>>> print(open('coords.cif').read())   # mmCIF, N, CA and C atoms
data_final
#
loop_
_atom_site.label_atom_id
_atom_site.label_comp_id
_atom_site.auth_asym_id
_atom_site.auth_seq_id
_atom_site.Cartn_x
_atom_site.Cartn_y
_atom_site.Cartn_z
N MET A 1 -17.86 -6.15 3.27
CA MET A 1 -18.13 -7.45 3.83
C MET A 1 -16.98 -8.40 3.48
N TYR A 2 -16.51 -9.13 4.47
CA TYR A 2 -15.44 -10.09 4.25
C TYR A 2 -16.02 -11.39 3.69
N CYS A 3 -15.40 -11.88 2.62
CA CYS A 3 -15.86 -13.11 1.96
C CYS A 3 -14.69 -14.06 1.79
N VAL A 4 -14.99 -15.32 1.65
CA VAL A 4 -13.98 -16.33 1.35
C VAL A 4 -14.32 -16.93 -0.01
N SER A 5 -13.34 -16.93 -0.89
CA SER A 5 -13.54 -17.41 -2.25
C SER A 5 -13.90 -18.90 -2.26
N SER A 6 -14.89 -19.24 -3.07
CA SER A 6 -15.28 -20.64 -3.23
C SER A 6 -14.35 -21.39 -4.18
N ILE A 7 -13.50 -20.66 -4.92
CA ILE A 7 -12.61 -21.34 -5.87
C ILE A 7 -11.18 -21.50 -5.38
N ASN A 8 -10.75 -20.63 -4.46
CA ASN A 8 -9.36 -20.76 -3.99
C ASN A 8 -9.20 -20.62 -2.48
N GLY A 9 -10.29 -20.37 -1.76
CA GLY A 9 -10.23 -20.28 -0.30
C GLY A 9 -9.62 -19.00 0.24
N GLU A 10 -9.26 -18.07 -0.63
CA GLU A 10 -8.67 -16.81 -0.19
C GLU A 10 -9.76 -15.84 0.26
N GLY A 11 -9.42 -15.01 1.25
CA GLY A 11 -10.35 -14.00 1.73
C GLY A 11 -10.23 -12.70 0.96
N TYR A 12 -11.34 -11.99 0.87
CA TYR A 12 -11.36 -10.67 0.22
C TYR A 12 -12.53 -9.87 0.76
N PHE A 13 -12.46 -8.56 0.58
CA PHE A 13 -13.56 -7.67 0.96
C PHE A 13 -14.37 -7.34 -0.29
N SER A 14 -15.65 -7.59 -0.25
CA SER A 14 -16.50 -7.41 -1.44
C SER A 14 -16.49 -5.97 -1.95
N GLU A 15 -16.29 -5.01 -1.05
CA GLU A 15 -16.26 -3.60 -1.50
C GLU A 15 -15.00 -3.27 -2.31
N ASP A 16 -14.00 -4.16 -2.29
CA ASP A 16 -12.78 -3.97 -3.08
C ASP A 16 -12.86 -4.67 -4.44
N MET A 17 -14.02 -5.21 -4.75
CA MET A 17 -14.18 -6.04 -5.94
C MET A 17 -15.25 -5.50 -6.87
N VAL A 18 -15.20 -5.97 -8.12
CA VAL A 18 -16.27 -5.75 -9.09
C VAL A 18 -16.87 -7.11 -9.41
N HIS A 19 -18.15 -7.11 -9.72
CA HIS A 19 -18.88 -8.35 -9.99
C HIS A 19 -19.47 -8.27 -11.39
N PHE A 20 -19.07 -9.18 -12.26
CA PHE A 20 -19.51 -9.17 -13.66
C PHE A 20 -20.39 -10.36 -13.97
N LEU A 21 -21.43 -10.11 -14.77
CA LEU A 21 -22.24 -11.18 -15.34
C LEU A 21 -21.83 -11.48 -16.78
N ASN A 22 -21.05 -10.59 -17.37
CA ASN A 22 -20.65 -10.71 -18.77
C ASN A 22 -19.53 -11.75 -18.90
N CYS A 23 -19.88 -12.92 -19.43
CA CYS A 23 -18.90 -14.01 -19.57
C CYS A 23 -17.78 -13.66 -20.54
N ALA A 24 -18.11 -12.99 -21.64
CA ALA A 24 -17.09 -12.63 -22.62
C ALA A 24 -16.09 -11.64 -22.03
N GLN A 25 -16.57 -10.64 -21.31
CA GLN A 25 -15.68 -9.66 -20.68
C GLN A 25 -14.82 -10.35 -19.62
N SER A 26 -15.41 -11.23 -18.84
CA SER A 26 -14.66 -11.93 -17.81
C SER A 26 -13.58 -12.82 -18.41
N ALA A 27 -13.91 -13.49 -19.50
CA ALA A 27 -12.92 -14.33 -20.17
C ALA A 27 -11.75 -13.51 -20.68
N ARG A 28 -12.04 -12.34 -21.25
CA ARG A 28 -10.97 -11.46 -21.72
C ARG A 28 -10.09 -10.99 -20.56
N TYR A 29 -10.72 -10.58 -19.46
CA TYR A 29 -9.95 -10.14 -18.30
C TYR A 29 -9.00 -11.24 -17.84
N ILE A 30 -9.48 -12.47 -17.78
CA ILE A 30 -8.63 -13.59 -17.36
C ILE A 30 -7.52 -13.81 -18.38
N GLU A 31 -7.86 -13.75 -19.65
CA GLU A 31 -6.87 -13.90 -20.72
C GLU A 31 -5.77 -12.84 -20.63
N TRP A 32 -6.15 -11.63 -20.23
CA TRP A 32 -5.21 -10.52 -20.13
C TRP A 32 -4.44 -10.52 -18.82
N GLY A 33 -4.72 -11.46 -17.92
CA GLY A 33 -3.94 -11.57 -16.69
C GLY A 33 -4.63 -11.18 -15.40
N ALA A 34 -5.91 -10.87 -15.45
CA ALA A 34 -6.64 -10.52 -14.22
C ALA A 34 -6.82 -11.78 -13.36
N LYS A 35 -6.79 -11.59 -12.07
CA LYS A 35 -7.02 -12.70 -11.14
C LYS A 35 -8.52 -12.83 -10.88
N LEU A 36 -9.05 -14.01 -11.11
CA LEU A 36 -10.44 -14.30 -10.77
C LEU A 36 -10.48 -14.65 -9.29
N TRP A 37 -11.07 -13.77 -8.48
CA TRP A 37 -11.10 -13.96 -7.04
C TRP A 37 -12.18 -14.94 -6.60
N ASP A 38 -13.29 -14.94 -7.31
CA ASP A 38 -14.38 -15.81 -6.90
C ASP A 38 -15.32 -16.01 -8.08
N LEU A 39 -16.09 -17.07 -7.99
CA LEU A 39 -17.12 -17.36 -8.98
C LEU A 39 -18.37 -17.74 -8.20
N GLN A 40 -19.44 -16.99 -8.45
CA GLN A 40 -20.67 -17.19 -7.70
C GLN A 40 -21.82 -17.46 -8.66
N VAL A 41 -22.94 -17.88 -8.14
CA VAL A 41 -24.16 -18.09 -8.92
C VAL A 41 -25.28 -17.28 -8.27
N ASN A 42 -25.98 -16.49 -9.08
CA ASN A 42 -27.07 -15.69 -8.51
C ASN A 42 -28.39 -16.46 -8.53
N SER A 43 -29.43 -15.82 -8.07
CA SER A 43 -30.74 -16.48 -7.95
C SER A 43 -31.36 -16.84 -9.30
N GLU A 44 -30.83 -16.24 -10.38
CA GLU A 44 -31.31 -16.55 -11.73
C GLU A 44 -30.44 -17.60 -12.41
N HIS A 45 -29.54 -18.23 -11.63
CA HIS A 45 -28.64 -19.28 -12.12
C HIS A 45 -27.64 -18.76 -13.14
N LYS A 46 -27.24 -17.51 -12.96
CA LYS A 46 -26.22 -16.90 -13.82
C LYS A 46 -24.92 -16.79 -13.04
N LEU A 47 -23.80 -16.98 -13.74
CA LEU A 47 -22.49 -16.88 -13.11
C LEU A 47 -22.14 -15.42 -12.83
N ILE A 48 -21.50 -15.20 -11.70
CA ILE A 48 -20.98 -13.88 -11.33
C ILE A 48 -19.48 -14.03 -11.15
N PHE A 49 -18.72 -13.29 -11.94
CA PHE A 49 -17.27 -13.32 -11.88
C PHE A 49 -16.79 -12.18 -11.01
N VAL A 50 -15.92 -12.47 -10.06
CA VAL A 50 -15.45 -11.47 -9.10
C VAL A 50 -13.98 -11.16 -9.37
N PHE A 51 -13.71 -9.88 -9.68
CA PHE A 51 -12.37 -9.38 -9.93
C PHE A 51 -12.08 -8.21 -9.01
N SER A 52 -10.81 -7.93 -8.78
CA SER A 52 -10.45 -6.77 -7.96
C SER A 52 -10.70 -5.48 -8.74
N LYS A 53 -10.95 -4.42 -8.00
CA LYS A 53 -11.12 -3.11 -8.65
C LYS A 53 -9.84 -2.68 -9.33
N GLU A 54 -8.68 -3.11 -8.79
CA GLU A 54 -7.40 -2.78 -9.42
C GLU A 54 -7.29 -3.41 -10.81
N ASP A 55 -7.64 -4.69 -10.93
CA ASP A 55 -7.61 -5.33 -12.24
C ASP A 55 -8.62 -4.68 -13.18
N HIS A 56 -9.79 -4.35 -12.67
CA HIS A 56 -10.79 -3.69 -13.50
C HIS A 56 -10.27 -2.36 -14.04
N ALA A 57 -9.59 -1.60 -13.18
CA ALA A 57 -9.03 -0.31 -13.61
C ALA A 57 -7.97 -0.52 -14.71
N ARG A 58 -7.22 -1.61 -14.61
CA ARG A 58 -6.18 -1.90 -15.62
C ARG A 58 -6.77 -2.26 -16.96
N PHE A 59 -7.91 -2.94 -16.98
CA PHE A 59 -8.42 -3.50 -18.21
C PHE A 59 -9.68 -2.86 -18.78
N LYS A 60 -10.32 -1.95 -18.04
CA LYS A 60 -11.60 -1.42 -18.52
C LYS A 60 -11.46 -0.63 -19.82
N GLU A 61 -10.39 0.12 -19.97
CA GLU A 61 -10.23 0.87 -21.22
C GLU A 61 -9.92 -0.06 -22.38
N ARG A 62 -9.12 -1.09 -22.11
CA ARG A 62 -8.82 -2.06 -23.17
C ARG A 62 -10.10 -2.78 -23.59
N TRP A 63 -10.94 -3.16 -22.62
CA TRP A 63 -12.21 -3.80 -22.95
C TRP A 63 -13.09 -2.87 -23.76
N GLY A 64 -13.01 -1.58 -23.49
CA GLY A 64 -13.82 -0.59 -24.20
C GLY A 64 -13.43 -0.44 -25.65
N ASN A 65 -12.23 -0.92 -26.02
CA ASN A 65 -11.77 -0.86 -27.40
C ASN A 65 -12.49 -1.93 -28.20
N LYS A 66 -13.26 -1.51 -29.17
CA LYS A 66 -14.10 -2.45 -29.94
C LYS A 66 -13.29 -3.56 -30.61
N ASN A 67 -12.01 -3.29 -30.93
CA ASN A 67 -11.19 -4.32 -31.57
C ASN A 67 -10.77 -5.40 -30.57
N ASP A 68 -10.71 -5.08 -29.29
CA ASP A 68 -10.27 -6.03 -28.28
C ASP A 68 -11.41 -6.86 -27.71
N ASN A 69 -12.63 -6.35 -27.72
CA ASN A 69 -13.69 -7.07 -27.01
C ASN A 69 -14.55 -7.97 -27.89
N LYS A 70 -14.15 -8.13 -29.14
CA LYS A 70 -14.88 -9.07 -29.99
C LYS A 70 -14.34 -10.48 -29.72
N VAL A 71 -15.24 -11.36 -29.37
CA VAL A 71 -14.87 -12.75 -29.09
C VAL A 71 -15.32 -13.59 -30.26
N GLU A 72 -14.38 -14.27 -30.87
CA GLU A 72 -14.72 -15.12 -32.01
C GLU A 72 -14.75 -16.57 -31.58
N ASN A 73 -15.59 -17.34 -32.22
CA ASN A 73 -15.70 -18.77 -31.91
C ASN A 73 -14.57 -19.55 -32.48
#
>>> encode(input="coords.cif", output="structure tokens")
Amino acid sequence: MYCVSSINGEGYFSEDMVHFLNCAQSARYIEWGAKLWDLQVNSEHKLIFVFSKEDHARFKERWGNKNDNKVEN
């Protein structure tokens, strides 16, 4: 499905994206250089972060490393 980003107006195909509810993981992906394609709100009023599958492939192993995914206040 073709979508238009609510944050930057760019178009993307939803099947080329991953959708995360995990704010800590999304923050790390952005910190590591992933492009946030869209930000949505679901019916439970939770944020959904939209990233490309390419960025997810680049960072999923790094996120899986317990030393990298700890977020400190």
>>> select_by_dssp(input="coords.cif", residues="chain A", states="strand (DSSP E or B)", output="ChimeraX atom specification")
/A:2-4,11-13,17-20,36-41,47-52
>>> atom_distance(input="coords.cif", atom1="atom C of Asn22 of chain A", atom2="atom CA of Arg62 of chain A")
15.1 Å
>>> resolve_selection(input="coords.cif", expression="the PyMOL selection byres (((chain A and resi 39 and name CA) around 8) and name CA)", output="PyMOL selection string")
chain A and resi 5-7+36-38+40-41+47-50
>>> closest_residue(input="coords.cif", among="A:Phe20, A:Tyr2, A:Phe13, A:Tyr29", to="Lys60 of chain A", atoms="only C-alpha atoms")
A:Tyr29
>>> atom_distance(input="coords.cif", atom1="atom N of Glu54 of chain A", atom2="atom C of Glu15 of chain A")
9.1 Å
>>> closest_residue(input="coords.cif", among="A:Glu44, A:Ala34, A:Cys3, A:Phe51", to="Asp16 of chain A", atoms="all atoms listed in the file")
A:Phe51
>>> closest_residue(input="coords.cif", among="A:Lys53, A:Ala27, A:Asn42, A:Glu61", to="Tyr12 of chain A", atoms="only C-alpha atoms")
A:Lys53
